[in-house]
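Structure file data-v9.cif (mmCIF, N, CA and C atoms) is printed below.
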```cif
data_upload
loop_
_atom_site.label_atom_id
_atom_site.label_comp_id
_atom_site.auth_asym_id
_atom_site.auth_seq_id
_atom_site.Cartn_x
_atom_site.Cartn_y
_atom_site.Cartn_z
N MET A 13 46.73 -21.52 -21.83
CA MET A 13 45.58 -21.32 -20.97
C MET A 13 45.40 -22.50 -20.01
N LYS A 14 45.56 -23.71 -20.53
CA LYS A 14 45.40 -24.90 -19.71
C LYS A 14 46.47 -24.96 -18.62
N LYS A 15 47.69 -24.50 -18.97
CA LYS A 15 48.79 -24.50 -18.02
C LYS A 15 48.51 -23.53 -16.87
N LYS A 16 47.95 -22.35 -17.19
CA LYS A 16 47.63 -21.36 -16.16
C LYS A 16 46.55 -21.89 -15.22
N THR A 17 45.58 -22.58 -15.77
CA THR A 17 44.51 -23.14 -14.95
C THR A 17 45.06 -24.20 -14.00
N LEU A 18 45.94 -25.05 -14.51
CA LEU A 18 46.55 -26.07 -13.67
C LEU A 18 47.41 -25.45 -12.57
N LEU A 19 48.15 -24.40 -12.90
CA LEU A 19 48.96 -23.70 -11.90
C LEU A 19 48.08 -23.06 -10.84
N ALA A 20 46.98 -22.45 -11.26
CA ALA A 20 46.06 -21.83 -10.31
C ALA A 20 45.44 -22.88 -9.39
N LEU A 21 45.06 -24.01 -9.94
CA LEU A 21 44.50 -25.09 -9.13
C LEU A 21 45.53 -25.65 -8.15
N ALA A 22 46.76 -25.78 -8.61
CA ALA A 22 47.83 -26.28 -7.74
C ALA A 22 48.10 -25.30 -6.60
N ALA A 23 48.09 -24.00 -6.92
CA ALA A 23 48.30 -22.98 -5.89
C ALA A 23 47.15 -23.00 -4.88
N ALA A 24 45.92 -23.14 -5.36
CA ALA A 24 44.77 -23.19 -4.47
C ALA A 24 44.84 -24.42 -3.57
N ALA A 25 45.24 -25.55 -4.14
CA ALA A 25 45.37 -26.78 -3.35
C ALA A 25 46.45 -26.63 -2.28
N ALA A 26 47.56 -25.98 -2.63
CA ALA A 26 48.63 -25.76 -1.66
C ALA A 26 48.17 -24.85 -0.53
N LEU A 27 47.42 -23.80 -0.86
CA LEU A 27 46.88 -22.91 0.17
C LEU A 27 45.92 -23.64 1.09
N CYS A 28 45.07 -24.46 0.52
CA CYS A 28 44.12 -25.24 1.33
C CYS A 28 44.86 -26.20 2.26
N ALA A 29 45.89 -26.85 1.75
CA ALA A 29 46.67 -27.77 2.57
C ALA A 29 47.38 -27.03 3.70
N ALA A 30 47.93 -25.86 3.39
CA ALA A 30 48.60 -25.07 4.42
C ALA A 30 47.61 -24.61 5.49
N TRP A 31 46.44 -24.16 5.07
CA TRP A 31 45.42 -23.72 6.02
C TRP A 31 44.96 -24.90 6.86
N GLY A 32 44.76 -26.05 6.25
CA GLY A 32 44.34 -27.25 6.98
C GLY A 32 45.36 -27.65 8.02
N GLY A 33 46.63 -27.60 7.67
CA GLY A 33 47.69 -27.91 8.63
C GLY A 33 47.70 -26.93 9.79
N TYR A 34 47.52 -25.66 9.48
CA TYR A 34 47.46 -24.64 10.53
C TYR A 34 46.26 -24.88 11.44
N TYR A 35 45.10 -25.16 10.84
CA TYR A 35 43.86 -25.35 11.61
C TYR A 35 44.00 -26.52 12.58
N TYR A 36 44.53 -27.64 12.12
CA TYR A 36 44.65 -28.81 12.98
C TYR A 36 45.78 -28.70 13.99
N ARG A 37 46.76 -27.85 13.72
CA ARG A 37 47.89 -27.73 14.63
C ARG A 37 47.55 -26.89 15.85
N PHE A 38 46.71 -25.90 15.68
CA PHE A 38 46.43 -24.97 16.77
C PHE A 38 45.02 -25.15 17.31
N GLY A 39 44.82 -24.67 18.52
CA GLY A 39 43.51 -24.73 19.15
C GLY A 39 43.41 -23.69 20.25
N MET A 40 42.38 -23.80 21.04
CA MET A 40 42.18 -22.89 22.16
C MET A 40 43.26 -23.13 23.22
N GLU A 41 43.54 -22.10 23.99
CA GLU A 41 44.48 -22.25 25.09
C GLU A 41 43.76 -22.86 26.29
N ALA A 42 44.52 -23.50 27.17
CA ALA A 42 43.95 -24.23 28.30
C ALA A 42 43.01 -23.38 29.18
N PRO A 43 43.36 -22.14 29.54
CA PRO A 43 42.43 -21.38 30.40
C PRO A 43 41.04 -21.21 29.79
N GLU A 44 40.98 -20.99 28.49
CA GLU A 44 39.68 -20.84 27.83
C GLU A 44 38.90 -22.16 27.84
N VAL A 45 39.59 -23.25 27.57
CA VAL A 45 38.94 -24.57 27.56
C VAL A 45 38.43 -24.91 28.96
N ILE A 46 39.25 -24.66 29.98
CA ILE A 46 38.85 -24.97 31.36
C ILE A 46 37.67 -24.11 31.78
N ARG A 47 37.65 -22.86 31.37
CA ARG A 47 36.52 -21.98 31.69
C ARG A 47 35.23 -22.51 31.07
N LYS A 48 35.32 -22.95 29.82
CA LYS A 48 34.13 -23.50 29.16
C LYS A 48 33.70 -24.83 29.80
N LEU A 49 34.67 -25.66 30.17
CA LEU A 49 34.35 -26.92 30.85
C LEU A 49 33.66 -26.64 32.19
N SER A 50 34.13 -25.63 32.89
CA SER A 50 33.50 -25.25 34.17
C SER A 50 32.05 -24.83 33.95
N GLY A 51 31.79 -24.12 32.86
CA GLY A 51 30.42 -23.71 32.54
C GLY A 51 29.52 -24.91 32.28
N LEU A 52 30.04 -25.92 31.58
CA LEU A 52 29.27 -27.13 31.33
C LEU A 52 28.97 -27.87 32.63
N ARG A 53 29.97 -27.95 33.49
CA ARG A 53 29.78 -28.63 34.78
C ARG A 53 28.82 -27.86 35.67
N MET A 54 28.85 -26.54 35.58
CA MET A 54 27.92 -25.72 36.35
C MET A 54 26.49 -25.95 35.86
N ALA A 55 26.30 -26.11 34.57
CA ALA A 55 24.97 -26.38 34.03
C ALA A 55 24.43 -27.70 34.56
N VAL A 56 25.29 -28.71 34.67
CA VAL A 56 24.87 -30.00 35.23
C VAL A 56 24.51 -29.83 36.70
N ALA A 57 25.30 -29.05 37.44
CA ALA A 57 25.02 -28.81 38.86
C ALA A 57 23.69 -28.07 39.04
N LEU A 58 23.43 -27.07 38.20
CA LEU A 58 22.15 -26.35 38.28
C LEU A 58 20.98 -27.27 37.97
N TYR A 59 21.13 -28.11 36.98
CA TYR A 59 20.09 -29.08 36.64
C TYR A 59 19.84 -30.00 37.83
N LYS A 60 20.91 -30.47 38.46
CA LYS A 60 20.79 -31.38 39.61
C LYS A 60 20.05 -30.71 40.76
N LEU A 61 20.33 -29.45 41.02
CA LEU A 61 19.64 -28.72 42.09
C LEU A 61 18.15 -28.57 41.79
N GLU A 62 17.84 -28.24 40.56
CA GLU A 62 16.45 -27.98 40.18
C GLU A 62 15.63 -29.25 40.06
N HIS A 63 16.23 -30.33 39.58
CA HIS A 63 15.49 -31.56 39.29
C HIS A 63 15.77 -32.68 40.29
N LYS A 64 16.57 -32.40 41.31
CA LYS A 64 16.90 -33.38 42.35
C LYS A 64 17.55 -34.64 41.80
N GLY A 65 18.31 -34.48 40.75
CA GLY A 65 19.04 -35.60 40.15
C GLY A 65 19.79 -35.16 38.92
N LEU A 66 20.73 -35.98 38.52
CA LEU A 66 21.53 -35.67 37.33
C LEU A 66 20.76 -35.96 36.06
N PRO A 67 21.05 -35.23 34.99
CA PRO A 67 20.36 -35.50 33.72
C PRO A 67 20.82 -36.83 33.13
N GLY A 68 19.89 -37.54 32.50
CA GLY A 68 20.22 -38.80 31.84
C GLY A 68 21.08 -38.58 30.61
N ALA A 69 20.93 -37.44 29.98
CA ALA A 69 21.73 -37.05 28.81
C ALA A 69 22.06 -35.57 28.97
N PHE A 70 23.22 -35.17 28.48
CA PHE A 70 23.61 -33.77 28.64
C PHE A 70 22.62 -32.82 27.96
N GLU A 71 22.02 -33.26 26.88
CA GLU A 71 21.06 -32.42 26.14
C GLU A 71 19.90 -31.97 27.03
N ASP A 72 19.63 -32.73 28.10
CA ASP A 72 18.55 -32.34 29.02
C ASP A 72 18.83 -31.00 29.69
N THR A 73 20.11 -30.68 29.91
CA THR A 73 20.43 -29.39 30.52
C THR A 73 20.05 -28.24 29.59
N VAL A 74 20.19 -28.47 28.30
CA VAL A 74 19.81 -27.45 27.31
C VAL A 74 18.29 -27.37 27.21
N LYS A 75 17.63 -28.52 27.14
CA LYS A 75 16.17 -28.55 27.03
C LYS A 75 15.49 -27.89 28.22
N GLU A 76 16.07 -28.07 29.41
CA GLU A 76 15.47 -27.53 30.63
C GLU A 76 15.96 -26.12 30.96
N GLY A 77 16.82 -25.55 30.14
CA GLY A 77 17.22 -24.16 30.31
C GLY A 77 18.40 -23.91 31.23
N ALA A 78 19.11 -24.95 31.66
CA ALA A 78 20.29 -24.74 32.50
C ALA A 78 21.46 -24.21 31.68
N LEU A 79 21.39 -24.40 30.37
CA LEU A 79 22.44 -23.95 29.46
C LEU A 79 21.81 -23.66 28.11
N GLU A 80 22.23 -22.57 27.49
CA GLU A 80 21.68 -22.23 26.17
C GLU A 80 22.16 -23.19 25.09
N ALA A 81 23.45 -23.47 25.09
CA ALA A 81 24.04 -24.41 24.13
C ALA A 81 25.44 -24.77 24.61
N ALA A 82 25.92 -25.91 24.20
CA ALA A 82 27.29 -26.29 24.54
C ALA A 82 28.25 -25.38 23.78
N PRO A 83 29.29 -24.88 24.46
CA PRO A 83 30.23 -23.99 23.77
C PRO A 83 31.12 -24.75 22.80
N ALA A 84 31.63 -24.03 21.84
CA ALA A 84 32.54 -24.61 20.86
C ALA A 84 33.85 -25.00 21.54
N LEU A 85 34.44 -26.06 21.05
CA LEU A 85 35.72 -26.54 21.57
C LEU A 85 36.62 -26.83 20.38
N LYS A 86 37.82 -26.27 20.39
CA LYS A 86 38.80 -26.52 19.33
C LYS A 86 40.14 -26.81 19.99
N LEU A 87 40.52 -28.07 19.99
CA LEU A 87 41.80 -28.49 20.54
C LEU A 87 42.79 -28.74 19.42
N PRO A 88 44.10 -28.59 19.70
CA PRO A 88 45.09 -28.91 18.68
C PRO A 88 44.93 -30.36 18.22
N ARG A 89 45.15 -30.60 16.95
CA ARG A 89 45.07 -31.92 16.31
C ARG A 89 43.65 -32.47 16.22
N HIS A 90 42.66 -31.62 16.42
CA HIS A 90 41.26 -32.04 16.30
C HIS A 90 40.47 -30.97 15.57
N ALA A 91 39.42 -31.39 14.91
CA ALA A 91 38.48 -30.43 14.31
C ALA A 91 37.67 -29.80 15.43
N GLY A 92 37.13 -28.64 15.18
CA GLY A 92 36.29 -27.98 16.17
C GLY A 92 34.98 -28.73 16.37
N SER A 93 34.40 -28.57 17.56
CA SER A 93 33.16 -29.27 17.89
C SER A 93 32.38 -28.44 18.89
N SER A 94 31.07 -28.52 18.84
CA SER A 94 30.25 -27.84 19.86
C SER A 94 29.21 -28.79 20.43
N GLY A 95 29.38 -30.06 20.19
CA GLY A 95 28.46 -31.04 20.75
C GLY A 95 29.03 -31.71 21.98
N VAL A 96 28.17 -32.42 22.70
CA VAL A 96 28.59 -33.18 23.87
C VAL A 96 28.26 -34.64 23.59
N ARG A 97 29.28 -35.46 23.54
CA ARG A 97 29.11 -36.88 23.24
C ARG A 97 28.65 -37.62 24.48
N GLY A 98 27.64 -38.44 24.34
CA GLY A 98 27.22 -39.30 25.44
C GLY A 98 28.18 -40.47 25.56
N ALA A 99 28.65 -40.74 26.77
CA ALA A 99 29.61 -41.82 27.00
C ALA A 99 29.08 -42.73 28.11
N SER A 100 29.24 -44.02 27.95
CA SER A 100 28.77 -44.94 28.98
C SER A 100 29.72 -45.01 30.16
N SER A 101 30.96 -44.54 29.98
CA SER A 101 31.94 -44.50 31.06
C SER A 101 32.98 -43.43 30.74
N PHE A 102 33.84 -43.17 31.73
CA PHE A 102 34.92 -42.21 31.54
C PHE A 102 36.03 -42.90 30.76
N GLU A 103 35.79 -43.05 29.47
CA GLU A 103 36.73 -43.71 28.57
C GLU A 103 37.10 -42.74 27.46
N ILE A 104 38.39 -42.52 27.27
CA ILE A 104 38.86 -41.57 26.28
C ILE A 104 38.84 -42.22 24.90
N LYS A 105 38.11 -41.59 23.97
CA LYS A 105 38.05 -42.06 22.58
C LYS A 105 38.80 -41.10 21.65
N ASP A 106 39.34 -40.02 22.22
CA ASP A 106 40.13 -39.03 21.49
C ASP A 106 39.35 -38.37 20.35
N THR A 107 38.13 -37.94 20.65
CA THR A 107 37.33 -37.22 19.66
C THR A 107 37.65 -35.74 19.64
N GLY A 108 38.28 -35.23 20.69
CA GLY A 108 38.56 -33.80 20.78
C GLY A 108 37.31 -32.99 21.08
N ALA A 109 36.31 -33.62 21.67
CA ALA A 109 35.04 -32.96 21.97
C ALA A 109 34.71 -33.11 23.45
N TRP A 110 33.64 -32.45 23.87
CA TRP A 110 33.12 -32.63 25.22
C TRP A 110 32.47 -34.01 25.29
N ALA A 111 32.44 -34.60 26.48
CA ALA A 111 31.75 -35.88 26.67
C ALA A 111 31.07 -35.86 28.04
N TYR A 112 29.98 -36.63 28.16
CA TYR A 112 29.18 -36.70 29.38
C TYR A 112 28.90 -38.17 29.69
N VAL A 113 29.25 -38.61 30.91
CA VAL A 113 28.99 -39.99 31.31
C VAL A 113 27.50 -40.10 31.64
N ASN A 114 26.76 -40.85 30.80
CA ASN A 114 25.31 -40.93 30.95
C ASN A 114 24.80 -42.28 31.44
N ASN A 115 25.69 -43.13 31.90
CA ASN A 115 25.32 -44.45 32.41
C ASN A 115 25.10 -44.34 33.92
N ARG A 116 23.87 -44.50 34.36
CA ARG A 116 23.52 -44.35 35.78
C ARG A 116 24.24 -45.36 36.67
N GLN A 117 24.66 -46.49 36.14
CA GLN A 117 25.36 -47.50 36.94
C GLN A 117 26.86 -47.22 37.07
N ASP A 118 27.37 -46.31 36.28
CA ASP A 118 28.80 -46.00 36.32
C ASP A 118 29.09 -45.05 37.49
N PRO A 119 30.19 -45.26 38.23
CA PRO A 119 30.52 -44.37 39.34
C PRO A 119 30.79 -42.92 38.90
N ASP A 120 31.12 -42.72 37.63
CA ASP A 120 31.37 -41.37 37.11
C ASP A 120 30.14 -40.75 36.47
N PHE A 121 28.96 -41.33 36.69
CA PHE A 121 27.73 -40.80 36.09
C PHE A 121 27.60 -39.30 36.39
N GLY A 122 27.33 -38.52 35.35
CA GLY A 122 27.16 -37.08 35.49
C GLY A 122 28.43 -36.28 35.25
N LEU A 123 29.54 -36.94 34.98
CA LEU A 123 30.81 -36.25 34.75
C LEU A 123 30.88 -35.70 33.33
N VAL A 124 31.22 -34.43 33.22
CA VAL A 124 31.51 -33.81 31.92
C VAL A 124 33.03 -33.75 31.82
N PHE A 125 33.58 -34.25 30.71
CA PHE A 125 35.03 -34.26 30.56
C PHE A 125 35.42 -33.94 29.12
N ILE A 126 36.72 -33.69 28.94
CA ILE A 126 37.28 -33.42 27.62
C ILE A 126 37.79 -34.74 27.06
N ASP A 127 37.22 -35.17 25.96
CA ASP A 127 37.56 -36.46 25.37
C ASP A 127 38.76 -36.30 24.43
N CYS A 128 39.94 -36.25 25.04
CA CYS A 128 41.17 -36.05 24.27
C CYS A 128 42.33 -36.73 24.99
N SER A 129 43.15 -37.42 24.23
CA SER A 129 44.30 -38.12 24.82
C SER A 129 45.60 -37.31 24.69
N HIS A 130 45.52 -36.12 24.13
CA HIS A 130 46.72 -35.28 23.95
C HIS A 130 46.94 -34.39 25.16
N LYS A 131 48.06 -33.68 25.15
CA LYS A 131 48.41 -32.78 26.25
C LYS A 131 48.21 -31.33 25.84
N ASP A 132 47.98 -30.47 26.84
CA ASP A 132 47.87 -29.04 26.59
C ASP A 132 49.26 -28.43 26.51
N GLU A 133 49.31 -27.10 26.41
CA GLU A 133 50.60 -26.42 26.24
C GLU A 133 51.51 -26.53 27.46
N LYS A 134 50.96 -26.94 28.61
CA LYS A 134 51.77 -27.11 29.82
C LYS A 134 52.07 -28.57 30.12
N GLY A 135 51.71 -29.46 29.20
CA GLY A 135 52.02 -30.87 29.36
C GLY A 135 51.00 -31.68 30.15
N ARG A 136 49.83 -31.11 30.41
CA ARG A 136 48.77 -31.82 31.14
C ARG A 136 47.81 -32.45 30.14
N TYR A 137 47.36 -33.66 30.42
CA TYR A 137 46.38 -34.30 29.54
C TYR A 137 45.05 -33.56 29.65
N TRP A 138 44.42 -33.30 28.49
CA TRP A 138 43.15 -32.59 28.47
C TRP A 138 42.10 -33.33 29.29
N SER A 139 42.15 -34.65 29.28
CA SER A 139 41.13 -35.44 29.98
C SER A 139 41.27 -35.38 31.50
N GLU A 140 42.36 -34.82 32.01
CA GLU A 140 42.56 -34.72 33.47
C GLU A 140 41.75 -33.60 34.10
N PHE A 141 41.28 -32.66 33.32
CA PHE A 141 40.57 -31.51 33.89
C PHE A 141 39.16 -31.88 34.30
#
```

Take the structure in the file and write it out as structure tokens.
Amino acid sequence: MKKKTLLALAAAAALCAAWGGYYYRFGMEAPEVIRKLSGLRMAVALYKLEHKGLPGAFEDTVKEGALEAAPALKLPRHAGSSGVRGASSFEIKDTGAWAYVNNRQDPDFGLVFIDCSHKDEKGRYWSEF
């Protein structure tokens, strides 16, 4: 009985490891990611038109109704995320998430970008979009 339990646990662990490897290896395709990034940038543009200035934090676009919520993002080699990280500059930290430059003194203030140092399926860096 003990042997069967150990075998079952080992099989479950192997399945979990295989699923984890699959999950981290694959992600959304570039067109879907770019479409979602465009939606985030459009929300910032709508906020700017309505409020005559860029939001100090990306969450302001949600609070003011320019966007219902940040869309989910799942890139290869990263866990999924649906948040937008506040960044003081356009600096890649490789979180695999959305990021927003919220430093008013930075020349990139208001930029929404993909915080990833890896390449997409066509060899382009995610952060270049």

Care to translate the PyMOL selection byres ((chain A and resi 91) around 8) into actual residues of this file, as a list in words?
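Expected selection for the PyMOL selection byres ((chain A and resi 91) around 8) here is Tyr35, Tyr36, Leu85, Lys86, Leu87, Pro88, Arg89, His90, Gly92, Ser93, Ser94, Thr107, Gly108 and Ala109 of chain A.
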
Okay, now the selection with N, CA and C atoms, as a CSV table (one decimal), keeping the file's coordinate frame?
```
chain,number,residue,atom,x,y,z
A,35,TYR,N,45.1,-25.2,10.8
A,35,TYR,CA,43.9,-25.4,11.6
A,35,TYR,C,44.0,-26.5,12.6
A,36,TYR,N,44.5,-27.6,12.1
A,36,TYR,CA,44.6,-28.8,13.0
A,36,TYR,C,45.8,-28.7,14.0
A,85,LEU,N,34.4,-26.1,21.0
A,85,LEU,CA,35.7,-26.5,21.6
A,85,LEU,C,36.6,-26.8,20.4
A,86,LYS,N,37.8,-26.3,20.4
A,86,LYS,CA,38.8,-26.5,19.3
A,86,LYS,C,40.1,-26.8,20.0
A,87,LEU,N,40.5,-28.1,20.0
A,87,LEU,CA,41.8,-28.5,20.5
A,87,LEU,C,42.8,-28.7,19.4
A,88,PRO,N,44.1,-28.6,19.7
A,88,PRO,CA,45.1,-28.9,18.7
A,88,PRO,C,44.9,-30.4,18.2
A,89,ARG,N,45.2,-30.6,17.0
A,89,ARG,CA,45.1,-31.9,16.3
A,89,ARG,C,43.6,-32.5,16.2
A,90,HIS,N,42.7,-31.6,16.4
A,90,HIS,CA,41.3,-32.0,16.3
A,90,HIS,C,40.5,-31.0,15.6
A,92,GLY,N,37.1,-28.6,15.2
A,92,GLY,CA,36.3,-28.0,16.2
A,92,GLY,C,35.0,-28.7,16.4
A,93,SER,N,34.4,-28.6,17.6
A,93,SER,CA,33.2,-29.3,17.9
A,93,SER,C,32.4,-28.4,18.9
A,94,SER,N,31.1,-28.5,18.8
A,94,SER,CA,30.2,-27.8,19.9
A,94,SER,C,29.2,-28.8,20.4
A,107,THR,N,38.1,-37.9,20.6
A,107,THR,CA,37.3,-37.2,19.7
A,107,THR,C,37.6,-35.7,19.6
A,108,GLY,N,38.3,-35.2,20.7
A,108,GLY,CA,38.6,-33.8,20.8
A,108,GLY,C,37.3,-33.0,21.1
A,109,ALA,N,36.3,-33.6,21.7
A,109,ALA,CA,35.0,-33.0,22.0
A,109,ALA,C,34.7,-33.1,23.4
```

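Of the residues listed (A:Leu79, A:Ala84, A:Asp120, A:Thr17), A:Ala84 shows the shortest atom-to-atom separation from Lys48 of chain A; distances use all atoms listed in the file.
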
Quick one: distance from atom CA of Pro43 of chain A to atom N of Glu133 of chain A in Å, one decimal?
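So the two atoms, atom CA of Pro43 of chain A and atom N of Glu133 of chain A, lie 9.8 Å apart.
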
Please identify the helix (DSSP H, G or I) residues within segment 41-134 of chain A (assignment by DSSP from backbone atoms) and present them as an MDAnalysis selection string.
chainID A and resid 42:63 71:75

Please produce an output containing N, CA and C atoms for each residue in the selection, written as a PDB file, in the frame of the given file.
```pdb
ATOM      1  N   ALA A  42      44.520 -23.500  27.170  1.00  0.00           N
ATOM      2  CA  ALA A  42      43.950 -24.230  28.300  1.00  0.00           C
ATOM      3  C   ALA A  42      43.010 -23.380  29.180  1.00  0.00           C
ATOM      4  N   PRO A  43      43.360 -22.140  29.540  1.00  0.00           N
ATOM      5  CA  PRO A  43      42.430 -21.380  30.400  1.00  0.00           C
ATOM      6  C   PRO A  43      41.040 -21.210  29.790  1.00  0.00           C
ATOM      7  N   GLU A  44      40.980 -20.990  28.490  1.00  0.00           N
ATOM      8  CA  GLU A  44      39.680 -20.840  27.830  1.00  0.00           C
ATOM      9  C   GLU A  44      38.900 -22.160  27.840  1.00  0.00           C
ATOM     10  N   VAL A  45      39.590 -23.250  27.570  1.00  0.00           N
ATOM     11  CA  VAL A  45      38.940 -24.570  27.560  1.00  0.00           C
ATOM     12  C   VAL A  45      38.430 -24.910  28.960  1.00  0.00           C
ATOM     13  N   ILE A  46      39.250 -24.660  29.980  1.00  0.00           N
ATOM     14  CA  ILE A  46      38.850 -24.970  31.360  1.00  0.00           C
ATOM     15  C   ILE A  46      37.670 -24.110  31.780  1.00  0.00           C
ATOM     16  N   ARG A  47      37.650 -22.860  31.370  1.00  0.00           N
ATOM     17  CA  ARG A  47      36.520 -21.980  31.690  1.00  0.00           C
ATOM     18  C   ARG A  47      35.230 -22.510  31.070  1.00  0.00           C
ATOM     19  N   LYS A  48      35.320 -22.950  29.820  1.00  0.00           N
ATOM     20  CA  LYS A  48      34.130 -23.500  29.160  1.00  0.00           C
ATOM     21  C   LYS A  48      33.700 -24.830  29.800  1.00  0.00           C
ATOM     22  N   LEU A  49      34.670 -25.660  30.170  1.00  0.00           N
ATOM     23  CA  LEU A  49      34.350 -26.920  30.850  1.00  0.00           C
ATOM     24  C   LEU A  49      33.660 -26.640  32.190  1.00  0.00           C
ATOM     25  N   SER A  50      34.130 -25.630  32.890  1.00  0.00           N
ATOM     26  CA  SER A  50      33.500 -25.250  34.170  1.00  0.00           C
ATOM     27  C   SER A  50      32.050 -24.830  33.950  1.00  0.00           C
ATOM     28  N   GLY A  51      31.790 -24.120  32.860  1.00  0.00           N
ATOM     29  CA  GLY A  51      30.420 -23.710  32.540  1.00  0.00           C
ATOM     30  C   GLY A  51      29.520 -24.910  32.280  1.00  0.00           C
ATOM     31  N   LEU A  52      30.040 -25.920  31.580  1.00  0.00           N
ATOM     32  CA  LEU A  52      29.270 -27.130  31.330  1.00  0.00           C
ATOM     33  C   LEU A  52      28.970 -27.870  32.630  1.00  0.00           C
ATOM     34  N   ARG A  53      29.970 -27.950  33.490  1.00  0.00           N
ATOM     35  CA  ARG A  53      29.780 -28.630  34.780  1.00  0.00           C
ATOM     36  C   ARG A  53      28.820 -27.860  35.670  1.00  0.00           C
ATOM     37  N   MET A  54      28.850 -26.540  35.580  1.00  0.00           N
ATOM     38  CA  MET A  54      27.920 -25.720  36.350  1.00  0.00           C
ATOM     39  C   MET A  54      26.490 -25.950  35.860  1.00  0.00           C
ATOM     40  N   ALA A  55      26.300 -26.110  34.570  1.00  0.00           N
ATOM     41  CA  ALA A  55      24.970 -26.380  34.030  1.00  0.00           C
ATOM     42  C   ALA A  55      24.430 -27.700  34.560  1.00  0.00           C
ATOM     43  N   VAL A  56      25.290 -28.710  34.670  1.00  0.00           N
ATOM     44  CA  VAL A  56      24.870 -30.000  35.230  1.00  0.00           C
ATOM     45  C   VAL A  56      24.510 -29.830  36.700  1.00  0.00           C
ATOM     46  N   ALA A  57      25.300 -29.050  37.440  1.00  0.00           N
ATOM     47  CA  ALA A  57      25.020 -28.810  38.860  1.00  0.00           C
ATOM     48  C   ALA A  57      23.690 -28.070  39.040  1.00  0.00           C
ATOM     49  N   LEU A  58      23.430 -27.070  38.200  1.00  0.00           N
ATOM     50  CA  LEU A  58      22.150 -26.350  38.280  1.00  0.00           C
ATOM     51  C   LEU A  58      20.980 -27.270  37.970  1.00  0.00           C
ATOM     52  N   TYR A  59      21.130 -28.110  36.980  1.00  0.00           N
ATOM     53  CA  TYR A  59      20.090 -29.080  36.640  1.00  0.00           C
ATOM     54  C   TYR A  59      19.840 -30.000  37.830  1.00  0.00           C
ATOM     55  N   LYS A  60      20.910 -30.470  38.460  1.00  0.00           N
ATOM     56  CA  LYS A  60      20.790 -31.380  39.610  1.00  0.00           C
ATOM     57  C   LYS A  60      20.050 -30.710  40.760  1.00  0.00           C
ATOM     58  N   LEU A  61      20.330 -29.450  41.020  1.00  0.00           N
ATOM     59  CA  LEU A  61      19.640 -28.720  42.090  1.00  0.00           C
ATOM     60  C   LEU A  61      18.150 -28.570  41.790  1.00  0.00           C
ATOM     61  N   GLU A  62      17.840 -28.240  40.560  1.00  0.00           N
ATOM     62  CA  GLU A  62      16.450 -27.980  40.180  1.00  0.00           C
ATOM     63  C   GLU A  62      15.630 -29.250  40.060  1.00  0.00           C
ATOM     64  N   HIS A  63      16.230 -30.330  39.580  1.00  0.00           N
ATOM     65  CA  HIS A  63      15.490 -31.560  39.290  1.00  0.00           C
ATOM     66  C   HIS A  63      15.770 -32.680  40.290  1.00  0.00           C
ATOM     67  N   GLU A  71      22.020 -33.260  26.880  1.00  0.00           N
ATOM     68  CA  GLU A  71      21.060 -32.420  26.140  1.00  0.00           C
ATOM     69  C   GLU A  71      19.900 -31.970  27.030  1.00  0.00           C
ATOM     70  N   ASP A  72      19.630 -32.730  28.100  1.00  0.00           N
ATOM     71  CA  ASP A  72      18.550 -32.340  29.020  1.00  0.00           C
ATOM     72  C   ASP A  72      18.830 -31.000  29.690  1.00  0.00           C
ATOM     73  N   THR A  73      20.110 -30.680  29.910  1.00  0.00           N
ATOM     74  CA  THR A  73      20.430 -29.390  30.520  1.00  0.00           C
ATOM     75  C   THR A  73      20.050 -28.240  29.590  1.00  0.00           C
ATOM     76  N   VAL A  74      20.190 -28.470  28.300  1.00  0.00           N
ATOM     77  CA  VAL A  74      19.810 -27.450  27.310  1.00  0.00           C
ATOM     78  C   VAL A  74      18.290 -27.370  27.210  1.00  0.00           C
ATOM     79  N   LYS A  75      17.630 -28.520  27.140  1.00  0.00           N
ATOM     80  CA  LYS A  75      16.170 -28.550  27.030  1.00  0.00           C
ATOM     81  C   LYS A  75      15.490 -27.890  28.220  1.00  0.00           C
TER      82      LYS A  75
END
```

Could you pull the residues within 7 Å of Val56 of chain A, counting only N, CA and C atoms, minus those fewer than 2 positions along the same chain, as a PyMOL selection string?
chain A and resi 51-54+58-61+66-67+73+78

Using the chain letters and numbers from this document, which residues of chain A does DSSP assign to strand (DSSP E), as a VMD selection string?
chain A and resid 96 to 99 109 to 113 124 to 127

In Å to one decimal, how far is atom CA of Lys134 of chain A from atom N of Ala99 of chain A?
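Computed distance, atom N of Ala99 of chain A to atom CA of Lys134 of chain A, equals 27.0 Å.
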
With only C-alpha atoms as the basis for distance, which of A:Ser139, A:His63, A:Lys15, A:Gln117 is at the shortest distance from Lys105 of chain A?
A:Ser139

Students should find that atom CA of Arg47 of chain A and atom CA of Pro83 of chain A are spaced 10.3 Å

Skip Tyr112 of chain A itself and residues of its chain fewer than 5 positions away, then list as a VMD selection string all residues within 7 Å of it, counting all atoms listed in the file.
chain A and resid 70 96 to 101 121 to 125
